[in-house]
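**Student:** What follows is data_32.txt, compact mmCIF, C-alpha atoms and all ligand atoms.
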# COMPACT_ATOMS: atom_id res chain seq x y z
CA MET A 1 -6.92 -20.42 1.34
CA THR A 2 -5.32 -17.20 2.39
CA THR A 3 -1.92 -16.78 1.01
CA GLU A 4 1.09 -14.55 0.70
CA THR A 5 3.66 -17.09 -0.46
CA THR A 6 6.12 -16.53 -3.26
CA PRO A 7 4.76 -17.62 -6.62
CA ALA A 8 6.36 -20.53 -8.48
CA THR A 9 7.58 -20.34 -12.07
CA PHE A 10 5.17 -20.90 -14.94
CA THR A 11 7.00 -24.13 -15.83
CA GLN A 12 6.35 -25.46 -12.31
CA LEU A 13 2.65 -24.77 -12.87
CA ASP A 14 2.57 -27.54 -15.52
CA LEU A 15 1.56 -25.31 -18.38
CA ILE A 16 2.10 -26.73 -21.85
CA SER A 17 4.82 -25.46 -24.18
CA PRO A 18 2.70 -23.31 -26.57
CA LEU A 19 1.61 -21.30 -23.54
CA LEU A 20 5.05 -21.17 -21.94
CA ALA A 21 6.57 -19.93 -25.20
CA ARG A 22 3.99 -17.17 -25.39
CA LEU A 23 4.51 -16.12 -21.76
CA THR A 24 8.22 -15.76 -22.45
CA GLU A 25 7.46 -13.56 -25.45
CA LEU A 26 5.10 -11.46 -23.34
CA GLU A 27 7.87 -11.15 -20.73
CA TYR A 28 5.77 -12.68 -18.00
CA SER A 29 8.82 -13.92 -16.12
CA GLN A 30 6.99 -15.11 -13.00
CA PRO A 31 3.35 -15.84 -12.14
CA THR A 32 1.57 -13.28 -9.99
CA GLN A 33 0.19 -14.61 -6.72
CA ILE A 34 -3.30 -15.13 -8.07
CA GLN A 35 -1.87 -17.01 -11.06
CA ALA A 36 0.40 -19.17 -8.91
CA HIS A 37 -2.53 -20.24 -6.76
CA ALA A 38 -5.39 -20.32 -9.24
CA ILE A 39 -3.77 -22.09 -12.20
CA PRO A 40 -3.16 -25.45 -10.44
CA CYS A 41 -6.75 -25.48 -9.06
CA VAL A 42 -8.26 -24.72 -12.45
CA LEU A 43 -6.08 -27.33 -14.15
CA ALA A 44 -7.23 -29.84 -11.53
CA GLY A 45 -10.82 -29.13 -12.55
CA ARG A 46 -11.83 -27.51 -9.25
CA ASP A 47 -14.37 -24.74 -8.80
CA LEU A 48 -12.76 -21.58 -7.57
CA ILE A 49 -13.68 -18.41 -5.81
CA ALA A 50 -10.91 -15.86 -6.00
CA GLY A 51 -10.69 -12.52 -4.31
CA ALA A 52 -7.98 -10.67 -6.08
CA ASN A 53 -7.47 -7.01 -6.67
CA THR A 54 -7.93 -5.61 -10.05
CA GLY A 55 -4.62 -5.49 -11.92
CA SER A 56 -3.28 -8.57 -10.18
CA GLY A 57 -3.17 -10.74 -13.33
CA LYS A 58 -6.64 -12.33 -13.03
CA THR A 59 -7.12 -12.75 -16.78
CA ALA A 60 -4.16 -15.07 -17.22
CA ALA A 61 -5.11 -16.85 -13.98
CA PHE A 62 -8.27 -18.22 -15.60
CA ALA A 63 -7.41 -17.96 -19.29
CA LEU A 64 -4.19 -20.00 -19.32
CA PRO A 65 -5.60 -23.17 -17.70
CA MET A 66 -8.82 -22.85 -19.72
CA LEU A 67 -6.84 -22.66 -22.94
CA GLN A 68 -4.75 -25.63 -21.89
CA HIS A 69 -7.83 -27.77 -21.16
CA ILE A 70 -9.55 -26.81 -24.37
CA PHE A 71 -6.44 -27.35 -26.49
CA GLN A 72 -5.86 -30.79 -25.00
CA GLN A 73 -9.50 -31.75 -25.55
CA GLU A 74 -9.45 -30.42 -29.11
CA SER A 75 -6.38 -32.53 -29.96
CA LYS A 76 -8.12 -35.66 -28.65
CA GLN A 77 -11.47 -35.08 -30.32
CA GLN A 78 -10.31 -33.76 -33.68
CA SER A 79 -12.69 -30.90 -33.08
CA HIS A 80 -16.44 -30.42 -32.93
CA LYS A 81 -17.93 -27.27 -34.38
CA GLY A 82 -21.61 -26.96 -33.87
CA ASN A 83 -22.89 -23.62 -32.68
CA PHE A 84 -21.82 -24.20 -29.14
CA VAL A 85 -19.28 -22.86 -26.70
CA ILE A 86 -16.85 -24.67 -24.41
CA GLY A 87 -15.53 -21.88 -22.22
CA LEU A 88 -17.82 -18.98 -21.32
CA ILE A 89 -16.53 -15.82 -19.66
CA LEU A 90 -19.12 -13.30 -18.49
CA VAL A 91 -17.96 -9.75 -17.88
CA PRO A 92 -19.81 -6.54 -16.95
CA THR A 93 -18.64 -4.10 -19.63
CA ARG A 94 -18.13 -4.04 -23.38
CA GLU A 95 -14.56 -2.79 -23.11
CA LEU A 96 -13.67 -5.54 -20.67
CA ALA A 97 -15.15 -8.15 -23.02
CA LYS A 98 -12.92 -6.94 -25.82
CA GLN A 99 -9.88 -6.66 -23.59
CA VAL A 100 -10.25 -10.17 -22.14
CA ALA A 101 -10.82 -11.67 -25.61
CA ASP A 102 -7.76 -9.85 -26.96
CA SER A 103 -5.64 -11.21 -24.09
CA ILE A 104 -6.88 -14.74 -24.73
CA ARG A 105 -6.12 -14.46 -28.44
CA SER A 106 -2.68 -13.24 -27.57
CA PHE A 107 -2.09 -16.16 -25.19
CA SER A 108 -3.26 -18.54 -27.96
CA VAL A 109 -0.92 -17.53 -30.79
CA HIS A 110 1.12 -20.74 -30.64
CA PHE A 111 -1.98 -22.92 -30.93
CA ASN A 112 -1.90 -22.00 -34.63
CA GLY A 113 -5.57 -21.17 -34.96
CA ALA A 114 -6.80 -24.27 -33.11
CA ILE A 115 -8.67 -22.18 -30.56
CA LYS A 116 -11.36 -19.76 -31.57
CA THR A 117 -12.17 -16.91 -29.21
CA VAL A 118 -15.11 -14.59 -29.84
CA ALA A 119 -16.24 -11.51 -27.91
CA VAL A 120 -19.87 -10.40 -27.94
CA PHE A 121 -21.23 -7.24 -26.34
CA GLY A 122 -23.92 -4.63 -26.87
CA GLY A 123 -23.67 -1.26 -28.59
CA VAL A 124 -22.47 -2.68 -31.91
CA SER A 125 -24.15 -4.64 -34.68
CA ALA A 126 -25.24 -8.14 -33.66
CA ASN A 127 -24.88 -9.40 -37.25
CA THR A 128 -21.10 -9.33 -37.25
CA GLN A 129 -21.11 -11.20 -33.96
CA MET A 130 -23.55 -13.78 -35.34
CA LEU A 131 -21.22 -14.36 -38.27
CA ALA A 132 -18.26 -14.71 -35.92
CA LEU A 133 -20.21 -17.30 -33.95
CA ARG A 134 -20.90 -19.51 -36.98
CA GLY A 135 -19.48 -22.91 -36.22
CA GLY A 136 -19.40 -22.07 -32.51
CA ALA A 137 -16.50 -20.85 -30.41
CA ASP A 138 -14.04 -22.48 -28.07
CA ILE A 139 -14.08 -19.46 -25.80
CA LEU A 140 -16.80 -16.84 -25.72
CA VAL A 141 -16.35 -13.62 -23.76
CA ALA A 142 -19.69 -11.88 -23.34
CA THR A 143 -21.72 -9.24 -21.59
CA PRO A 144 -24.96 -10.85 -20.37
CA GLY A 145 -27.59 -8.84 -22.33
CA ARG A 146 -26.10 -9.33 -25.77
CA LEU A 147 -25.43 -12.99 -25.08
CA LEU A 148 -29.11 -13.55 -24.23
CA ASP A 149 -30.10 -11.80 -27.47
CA LEU A 150 -27.78 -14.03 -29.47
CA ILE A 151 -29.11 -17.13 -27.77
CA SER A 152 -32.68 -16.19 -28.58
CA SER A 153 -31.66 -15.71 -32.21
CA HIS A 154 -30.19 -19.25 -32.12
CA ALA A 155 -26.73 -17.91 -32.88
CA ILE A 156 -25.19 -19.85 -30.01
CA LYS A 157 -26.03 -22.52 -27.43
CA LEU A 158 -24.68 -22.88 -23.93
CA ASP A 159 -25.51 -26.52 -23.24
CA GLN A 160 -21.95 -27.73 -23.95
CA VAL A 161 -20.19 -25.25 -21.68
CA LYS A 162 -17.50 -26.98 -19.63
CA THR A 163 -16.08 -23.93 -17.85
CA LEU A 164 -17.87 -20.78 -16.74
CA VAL A 165 -15.97 -17.71 -15.54
CA LEU A 166 -17.69 -14.80 -13.83
CA ASP A 167 -15.24 -11.94 -13.94
CA GLU A 168 -15.83 -8.89 -11.75
CA ALA A 169 -18.78 -10.72 -10.20
CA ASP A 170 -19.50 -7.92 -7.73
CA ARG A 171 -19.80 -5.43 -10.55
CA MET A 172 -22.04 -7.71 -12.57
CA LEU A 173 -24.46 -7.86 -9.69
CA SER A 174 -24.30 -4.21 -8.76
CA LEU A 175 -24.94 -3.13 -12.34
CA GLY A 176 -28.29 -4.84 -12.10
CA PHE A 177 -27.43 -7.88 -14.16
CA THR A 178 -29.10 -10.21 -11.64
CA ASP A 179 -32.02 -11.22 -13.87
CA GLU A 180 -29.87 -11.65 -16.98
CA LEU A 181 -27.35 -13.63 -15.02
CA SER A 182 -29.91 -16.03 -13.63
CA ALA A 183 -31.47 -16.46 -17.08
CA LEU A 184 -28.04 -17.41 -18.42
CA LEU A 185 -27.24 -19.70 -15.52
CA ASP A 186 -30.46 -21.61 -16.23
CA LEU A 187 -29.22 -22.31 -19.76
CA LEU A 188 -25.91 -23.76 -18.64
CA PRO A 189 -25.38 -27.44 -17.93
CA LYS A 190 -25.39 -28.43 -14.25
CA LYS A 191 -22.08 -30.21 -14.54
CA LYS A 192 -19.37 -27.71 -15.28
CA GLN A 193 -16.41 -25.98 -13.72
CA THR A 194 -17.19 -22.53 -12.32
CA LEU A 195 -14.63 -19.86 -11.57
CA LEU A 196 -15.71 -16.70 -9.82
CA PHE A 197 -13.47 -13.66 -9.57
CA SER A 198 -14.35 -10.62 -7.57
CA ALA A 199 -12.23 -7.84 -6.10
CA THR A 200 -14.84 -7.26 -3.41
CA PHE A 201 -17.33 -9.65 -1.81
CA PRO A 202 -20.61 -7.95 -1.00
CA GLU A 203 -23.50 -10.06 0.25
CA GLN A 204 -24.99 -10.74 -3.21
CA VAL A 205 -21.71 -12.28 -4.35
CA GLN A 206 -21.72 -14.59 -1.34
CA THR A 207 -25.25 -15.75 -2.19
CA LEU A 208 -24.19 -16.38 -5.77
CA THR A 209 -21.18 -18.30 -4.53
CA GLN A 210 -23.29 -20.66 -2.48
CA LYS A 211 -25.74 -21.21 -5.34
CA LEU A 212 -23.18 -21.70 -8.07
CA LEU A 213 -20.04 -23.31 -6.81
CA ASN A 214 -19.37 -26.91 -5.95
CA ASN A 215 -16.94 -27.33 -3.06
CA PRO A 216 -14.79 -24.47 -4.33
CA VAL A 217 -11.19 -23.70 -3.54
CA GLU A 218 -11.08 -20.23 -2.02
CA ILE A 219 -8.22 -17.90 -2.70
CA GLN A 220 -8.10 -14.58 -0.92
CA LEU A 221 -4.99 -12.56 -1.40
CA GLN A 222 -4.34 -10.70 1.80
CA SER A 223 -2.85 -7.56 0.45
CA ARG A 224 -2.43 -5.77 -2.79
CA GLU A 225 0.48 -7.40 -4.53
CA ILE A 226 1.15 -4.11 -6.20
CA SER A 227 2.32 -2.22 -3.15
CA THR A 228 3.79 0.39 -5.44
CA LEU A 229 0.50 2.30 -5.62
CA VAL A 230 0.71 5.49 -3.57
CA GLN A 231 -2.54 7.11 -2.44
CA ARG A 232 -2.79 10.78 -1.50
CA VAL A 233 -5.70 13.02 -0.60
CA PHE A 234 -5.79 16.80 -0.91
CA ASN A 235 -8.08 19.19 0.92
CA VAL A 236 -9.31 21.75 -1.57
CA ASN A 237 -11.39 24.89 -1.11
CA LYS A 238 -14.91 24.57 -2.41
CA GLY A 239 -15.06 25.80 -6.00
CA GLU A 240 -11.32 25.39 -6.57
CA LYS A 241 -11.15 21.76 -7.67
CA THR A 242 -10.75 22.55 -11.37
CA ALA A 243 -8.00 25.08 -10.69
CA VAL A 244 -6.17 22.60 -8.45
CA LEU A 245 -6.57 19.82 -10.99
CA ALA A 246 -5.19 21.97 -13.82
CA HIS A 247 -2.32 23.07 -11.59
CA LEU A 248 -1.41 19.47 -10.68
CA ILE A 249 -1.51 18.31 -14.30
CA LYS A 250 0.70 21.17 -15.45
CA GLU A 251 3.09 20.95 -12.55
CA HIS A 252 3.68 17.22 -12.66
CA GLN A 253 3.58 16.75 -16.44
CA TRP A 254 2.42 13.15 -16.03
CA ARG A 255 2.68 11.20 -19.24
CA GLN A 256 -1.01 10.34 -18.86
CA THR A 257 -3.78 11.16 -16.41
CA LEU A 258 -7.11 9.41 -15.84
CA ILE A 259 -9.66 11.60 -14.05
CA PHE A 260 -12.81 10.13 -12.54
CA VAL A 261 -16.04 12.06 -12.16
CA ASN A 262 -19.51 10.86 -11.24
CA ALA A 263 -21.67 12.09 -14.13
CA LYS A 264 -21.56 12.09 -17.91
CA ASN A 265 -22.24 15.85 -17.97
CA THR A 266 -19.40 16.50 -15.59
CA CYS A 267 -17.03 14.79 -18.03
CA GLU A 268 -18.00 17.24 -20.75
CA HIS A 269 -18.03 20.33 -18.50
CA LEU A 270 -14.70 19.51 -16.94
CA ALA A 271 -13.13 18.91 -20.36
CA GLN A 272 -14.32 22.37 -21.44
CA LYS A 273 -12.99 23.99 -18.28
CA LEU A 274 -9.61 22.30 -18.66
CA ALA A 275 -9.47 23.34 -22.31
CA LYS A 276 -9.83 26.98 -21.18
CA ARG A 277 -6.80 26.38 -18.99
CA GLY A 278 -4.80 25.01 -21.89
CA ILE A 279 -5.25 21.29 -21.16
CA ALA A 280 -6.68 19.07 -23.88
CA ALA A 281 -8.78 16.26 -22.42
CA GLU A 282 -11.00 13.60 -23.96
CA VAL A 283 -14.08 12.10 -22.32
CA PHE A 284 -15.23 8.51 -21.84
CA HIS A 285 -18.75 7.80 -20.64
CA GLY A 286 -21.87 5.78 -21.33
CA ASN A 287 -23.56 8.37 -23.56
CA LYS A 288 -20.90 8.06 -26.21
CA ALA A 289 -21.53 5.68 -29.09
CA GLN A 290 -19.68 2.38 -28.81
CA GLY A 291 -17.43 3.22 -31.77
CA ALA A 292 -16.35 6.46 -30.11
CA ARG A 293 -15.81 4.69 -26.79
CA THR A 294 -13.56 2.13 -28.43
CA ARG A 295 -11.59 4.78 -30.31
CA VAL A 296 -11.05 6.94 -27.24
CA LEU A 297 -9.96 3.99 -25.16
CA GLU A 298 -7.57 2.72 -27.80
CA ALA A 299 -6.10 6.21 -28.18
CA PHE A 300 -5.67 6.48 -24.42
CA LYS A 301 -4.13 3.03 -24.19
CA SER A 302 -1.67 3.82 -26.95
CA GLY A 303 -0.74 7.13 -25.33
CA LYS A 304 -2.25 9.38 -28.04
CA ILE A 305 -4.61 10.90 -25.47
CA GLU A 306 -2.84 12.32 -22.42
CA VAL A 307 -5.78 13.32 -20.25
CA LEU A 308 -8.98 11.30 -20.07
CA ILE A 309 -12.04 12.20 -18.01
CA ALA A 310 -14.26 9.20 -17.33
CA THR A 311 -17.20 7.96 -15.34
CA ASP A 312 -17.08 4.64 -13.50
CA ILE A 313 -17.53 2.64 -16.71
CA ALA A 314 -13.74 2.96 -16.93
CA ALA A 315 -13.21 1.89 -13.32
CA ARG A 316 -13.36 -1.87 -13.66
CA GLY A 317 -10.88 -4.20 -15.15
CA LEU A 318 -9.50 -1.96 -17.85
CA ASP A 319 -5.83 -2.43 -18.32
CA ILE A 320 -4.01 0.71 -19.32
CA GLU A 321 -0.35 -0.07 -19.40
CA LYS A 322 1.86 2.00 -17.12
CA LEU A 323 -0.83 4.55 -16.26
CA PRO A 324 1.03 6.93 -13.93
CA VAL A 325 -1.88 8.58 -12.15
CA VAL A 326 -5.59 8.34 -11.39
CA ILE A 327 -7.35 11.38 -9.94
CA ASN A 328 -10.69 11.33 -8.17
CA PHE A 329 -12.15 14.71 -9.07
CA ASP A 330 -15.46 13.48 -7.66
CA LEU A 331 -15.36 10.77 -5.04
CA PRO A 332 -17.06 7.54 -6.10
CA ARG A 333 -20.32 6.77 -4.35
CA SER A 334 -19.27 3.40 -3.09
CA PRO A 335 -16.08 2.56 -1.18
CA SER A 336 -15.46 -0.48 -3.38
CA ASP A 337 -15.58 1.69 -6.51
CA TYR A 338 -12.78 3.74 -4.98
CA MET A 339 -10.59 0.61 -4.97
CA HIS A 340 -11.51 -0.21 -8.54
CA ARG A 341 -10.79 3.30 -9.75
CA ILE A 342 -7.38 3.56 -8.15
CA GLY A 343 -6.58 0.04 -9.41
CA ARG A 344 -6.22 1.47 -12.93
CA SER A 345 -2.80 2.75 -11.86
CA GLY A 346 0.04 0.74 -10.32
CA ARG A 347 -0.91 -2.40 -12.24
CA ALA A 348 1.33 -5.46 -12.46
CA GLY A 349 3.95 -4.05 -10.13
CA GLU A 350 4.30 -0.68 -11.88
CA VAL A 351 4.63 2.45 -9.77
CA GLY A 352 1.26 4.17 -9.54
CA LEU A 353 -0.35 7.18 -7.95
CA ALA A 354 -3.95 7.78 -6.89
CA LEU A 355 -4.99 11.28 -5.88
CA SER A 356 -8.33 12.40 -4.46
CA LEU A 357 -9.45 16.01 -4.32
CA ILE A 358 -11.87 16.61 -1.48
CA ASP A 359 -13.68 19.77 -0.49
CA ASN A 360 -15.86 20.55 2.48
CA ASP A 361 -18.71 18.39 1.19
CA ASP A 362 -16.52 15.33 0.69
CA HIS A 363 -14.79 14.97 4.07
CA HIS A 364 -17.22 12.61 5.67
CA HIS A 365 -17.57 10.49 2.57
CA PHE A 366 -13.85 10.12 2.20
CA TYR A 367 -13.67 9.07 5.82
CA ILE A 368 -16.22 6.33 5.08
CA ILE A 369 -14.18 5.21 2.05
CA GLU A 370 -11.09 4.95 4.27
CA LYS A 371 -12.94 3.11 7.01
CA LYS A 372 -14.53 0.59 4.68
CA ASN A 373 -11.29 -0.07 2.81
CA LYS A 374 -9.23 -0.09 6.00
CA PHE A 375 -6.71 2.62 5.28
CA ARG A 376 -6.13 6.12 6.53
CA LEU A 377 -4.39 8.94 4.67
CA GLU A 378 -2.93 12.16 5.90
CA ARG A 379 -4.86 15.18 4.56
CA GLU A 380 -2.57 17.27 2.42
CA GLN A 381 -2.89 20.68 0.79
CA VAL A 382 -1.64 21.82 -2.57
CA GLU A 383 0.89 24.63 -2.39
CA GLY A 384 -0.62 27.86 -3.68
CA PHE A 385 -4.15 26.54 -3.02
CA GLU A 386 -4.05 26.37 0.75
CA ILE A 387 -7.30 26.00 2.58
CA ASP A 388 -9.06 29.18 3.53
CA GLU A 389 -9.14 28.49 7.26
CA ALA A 390 -12.07 30.77 7.95
CA ARG A 391 -14.29 28.80 5.58
CA ASN A 392 -13.10 25.26 6.14
CA VAL A 393 -11.64 24.72 9.61
CA PRO A 394 -14.54 22.93 11.24
CA LEU A 395 -14.53 20.05 8.78
CA LEU A 396 -10.91 19.79 7.73
CA ASN A 397 -10.10 16.62 9.54
CA ALA A 398 -13.58 15.36 9.97
CA GLU A 399 -13.27 11.89 11.35
CA LYS A 400 -16.70 11.96 12.84
CA PRO A 401 -19.69 11.55 10.60
CA MET A 402 -21.14 14.83 9.48
CA ALA A 403 -24.35 15.87 11.20
CA LYS A 404 -27.26 13.94 9.81
CA PRO A 405 -29.43 15.84 7.38
CA ALA A 406 -32.23 17.72 9.15
CA GLY A 407 -35.09 15.45 10.06
CA SER A 408 -33.27 12.24 9.15
CA GLY A 409 -33.27 11.04 12.76
CA LYS A 410 -37.02 10.83 12.79
CA LYS A 411 -37.35 8.75 9.68
CA LYS A 412 -37.25 5.00 9.64
CA GLY A 413 -34.87 3.34 7.21
CA PRO A 414 -31.11 3.06 6.77
CA LYS A 415 -28.85 5.16 8.93
CA TYR A 416 -26.81 7.86 7.22
CA ASP A 417 -23.67 5.74 7.46
CA ASP A 418 -25.41 2.64 6.18
CA PHE A 419 -26.56 4.50 3.12
CA TRP A 420 -23.00 4.67 1.86
CA LEU A 421 -21.81 1.38 3.20
CA ASN A 422 -24.60 -0.62 1.63
CA ASN A 423 -24.24 0.88 -1.77
CA ASP A 424 -21.46 -1.38 -2.99
P1 LIG B 501 -5.16 -8.28 -15.34
O1 LIG B 501 -5.35 -8.20 -13.84
O2 LIG B 501 -5.39 -9.64 -15.87
O3 LIG B 501 -5.94 -7.22 -16.07
O4 LIG B 501 -3.59 -7.98 -15.64
C1 LIG B 501 -3.01 -6.75 -15.35
C2 LIG B 501 -1.74 -6.51 -16.15
O5 LIG B 501 -0.70 -7.35 -15.67
C3 LIG B 501 -1.83 -6.80 -17.65
O6 LIG B 501 -1.15 -5.78 -18.34
C4 LIG B 501 -1.10 -8.09 -17.84
O7 LIG B 501 -0.52 -8.18 -19.13
C5 LIG B 501 -0.05 -8.00 -16.75
N1 LIG B 501 0.37 -9.31 -16.23
C6 LIG B 501 -0.44 -10.31 -15.86
N2 LIG B 501 0.28 -11.35 -15.39
C7 LIG B 501 1.58 -10.99 -15.49
C8 LIG B 501 2.82 -11.65 -15.16
N3 LIG B 501 2.84 -12.87 -14.64
N4 LIG B 501 3.97 -10.98 -15.40
C9 LIG B 501 3.93 -9.75 -15.93
N5 LIG B 501 2.82 -9.07 -16.26
C10 LIG B 501 1.65 -9.68 -16.02
Would you encode the structure as structure tokens?
**Tutor:**
Amino acid sequence: MTTETTPATFTQLDLISPLLARLTELEYSQPTQIQAHAIPCVLAGRDLIAGANTGSGKTAAFALPMLQHIFQQESKQQSHKGNFVIGLILVPTRELAKQVADSIRSFSVHFNGAIKTVAVFGGVSANTQMLALRGGADILVATPGRLLDLISSHAIKLDQVKTLVLDEADRMLSLGFTDELSALLDLLPKKKQTLLFSATFPEQVQTLTQKLLNNPVEIQLQSREISTLVQRVFNVNKGEKTAVLAHLIKEHQWRQTLIFVNAKNTCEHLAQKLAKRGIAAEVFHGNKAQGARTRVLEAFKSGKIEVLIATDIAARGLDIEKLPVVINFDLPRSPSDYMHRIGRSGRAGEVGLALSLIDNDDHHHFYIIEKKNKFRLEREQVEGFEIDEARNVPLLNAEKPMAKPAGSGKKKGPKYDDFWLNND
């Protein structure tokens, strides 16, 4: 189903009153498109494959009908409580696991403790999670590795799972979770409802779809519902990115800025360079201990940190309310990561801004990102940092692929273009 129709109200979606009351409190006045289309399918027990952009309200789209099913079952059965799980949500990152579980707990407040949601993920002690899993869980949100560990320690069983959600399925596969995922899928019952959400649909996701889903309803939202996200790209002289970045931050005085770079070291170096220019920035990357990652993220979410420099571990799914701007200091390797990064801003209809700084080495890659994501931006320059024509003219508006690296024509293997395009 491809759809652009106006969403109905939550009441029209047949949600039960404890959920409706909570949605009113959360000021969700109208379902987003993904919610309007997914909720009825999930309530009807159908399998679902949904292509929806990050920030489009995916969590509620699967969580609300799951909660409704589980609550109605619980009332009938007067509850179970062995060490099993009814609804399993697999996510690629620790932060996303926590965020999704927090949202579900928030949606559940009017069930008066009848629904137990647990999040399990690596990087923290497994003992606390084992304790939390005593007596089982109605909904378990998990990263695959830690979940397998907990299963082998007999902390939890998956044979009673009624609904499986794969959130950010493309990311799960590209992060190399394939083996863990198939080990988990083997432990799940054959008969279950499966919901697969992915912002992008590379080939591996399509294979997974065919293997996993039973006559699924397909929902593909045609365009980003949040059309309030403005993208801009600035040509920058080589070696001047930090100066331009500092200038933009000072000039615009954004309430908060999220800067993406490609390496953990770059996070640290850039933070030091910005500090010298009077800008305090924190860093968020995979080398930080989980406790520090959680603290930094919470501080950024609550507005205590104004500038955060992150690698792509922050690019997927994280919901930072009203984030005004995302800046690509380094371009992401894959075109789909570009979409995920910029999706941190302009969420849920808020106005957002995504800026990319590109120097001579980035022109061709940015062109590939545009081509793959089917958009095209005018190249701009930052006042006071105009391009040094003598150095940069030949590549300024490079629409054509850059010359192949010397000798590459002779080699067999992927073409230069394919190298980028296949790295989703
Ligand atoms: P998600 O894509 O699930 O991460 O949601 C993105 C953001 O949109 C979160 O801050 C949600 O709280 C918010 N959101 C989701 N659905 C709605 C809705 N129907 N009305 C208002 N805000 C929403």
**Student:** Name the residues, using the chain letters and numbers of the file, that sit within 10 Å of (-14.6, 2.5, -28.2) when counting all atoms listed in the file, and give them as JSON, numbers by chain.
**Tutor:** {"A": [94, 95, 98, 123, 284, 288, 289, 290, 291, 292, 293, 294, 295, 296, 297, 298, 299]}
**Student:** Show me the residues close to (-23.7, -26.9, -9.7) - anything with an atom within 7 Å, counting only C-alpha atoms - and format the list as a PDB file with C-alpha atoms, keeping the file's coordinate frame.
**Tutor:**
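What landed in out09.pdb:
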ATOM      1  CA  LYS A 190     -25.390 -28.430 -14.250  1.00  0.00           C
ATOM      2  CA  LYS A 191     -22.080 -30.210 -14.540  1.00  0.00           C
ATOM      3  CA  LEU A 212     -23.180 -21.700  -8.070  1.00  0.00           C
ATOM      4  CA  LEU A 213     -20.040 -23.310  -6.810  1.00  0.00           C
ATOM      5  CA  ASN A 214     -19.370 -26.910  -5.950  1.00  0.00           C
TER       6      ASN A 214
END
**Student:** Identify which of the residues A:Leu195, A:Leu15, A:Leu208, A:Leu308 lies closest to Leu90 in chain A, counting all atoms listed in the file when measuring atom-to-atom distances.
**Tutor:**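 Of the candidates, the smallest distance to Leu90 in chain A is held by A:Leu195.
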**Student:** Which residue, A:Ala243, A:Thr24, A:Gly113, A:Lys238, has the smallest gap to Ala275 in chain A when you use all atoms listed in the file?
**Tutor:**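 Counting all atoms listed in the file, the residue closest to Ala275 in chain A is A:Ala243.
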**Student:** Taking all atoms listed in the file into account, which of A:Tyr338, A:Phe197, A:Phe121, A:Phe375 comes nearest ligand LIG 501 (chain B)?
**Tutor:**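 Closest residue, counting all atoms listed in the file: A:Phe197.
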**Student:** Please list as a ChimeraX atom specification every residue within 10 Å of Val42 in chain A, counting all atoms listed in the file and excluding residues in the same chain fewer than 5 positions away.
**Tutor:** /A:37,47-48,61-66,69,163,193-195,217
**Student:** Would you mind telling me which residue in A:Val165, A:Met172, A:Leu357, A:Leu133 lies nearest to Val205 in chain A when using only C-alpha atoms?
**Tutor:**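 Distance minimum relative to Val205 in chain A lands on A:Met172.
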**Student:** Under the rule that only C-alpha atoms are counted, which of A:Ile368, A:Leu131, A:Ile34, A:Ser356 is the nearest residue to Glu380 in chain A?
**Tutor:**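 Using only C-alpha atoms, Glu380 in chain A sits closest to A:Ser356.
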**Student:** Using all atoms listed in the file for the distances, tell me which of A:Gly122, A:Gly135, A:Pro92, A:Gly55 is nearest to ligand LIG 501 (chain B).
**Tutor:**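 Nearest to ligand LIG 501 (chain B): A:Gly55.
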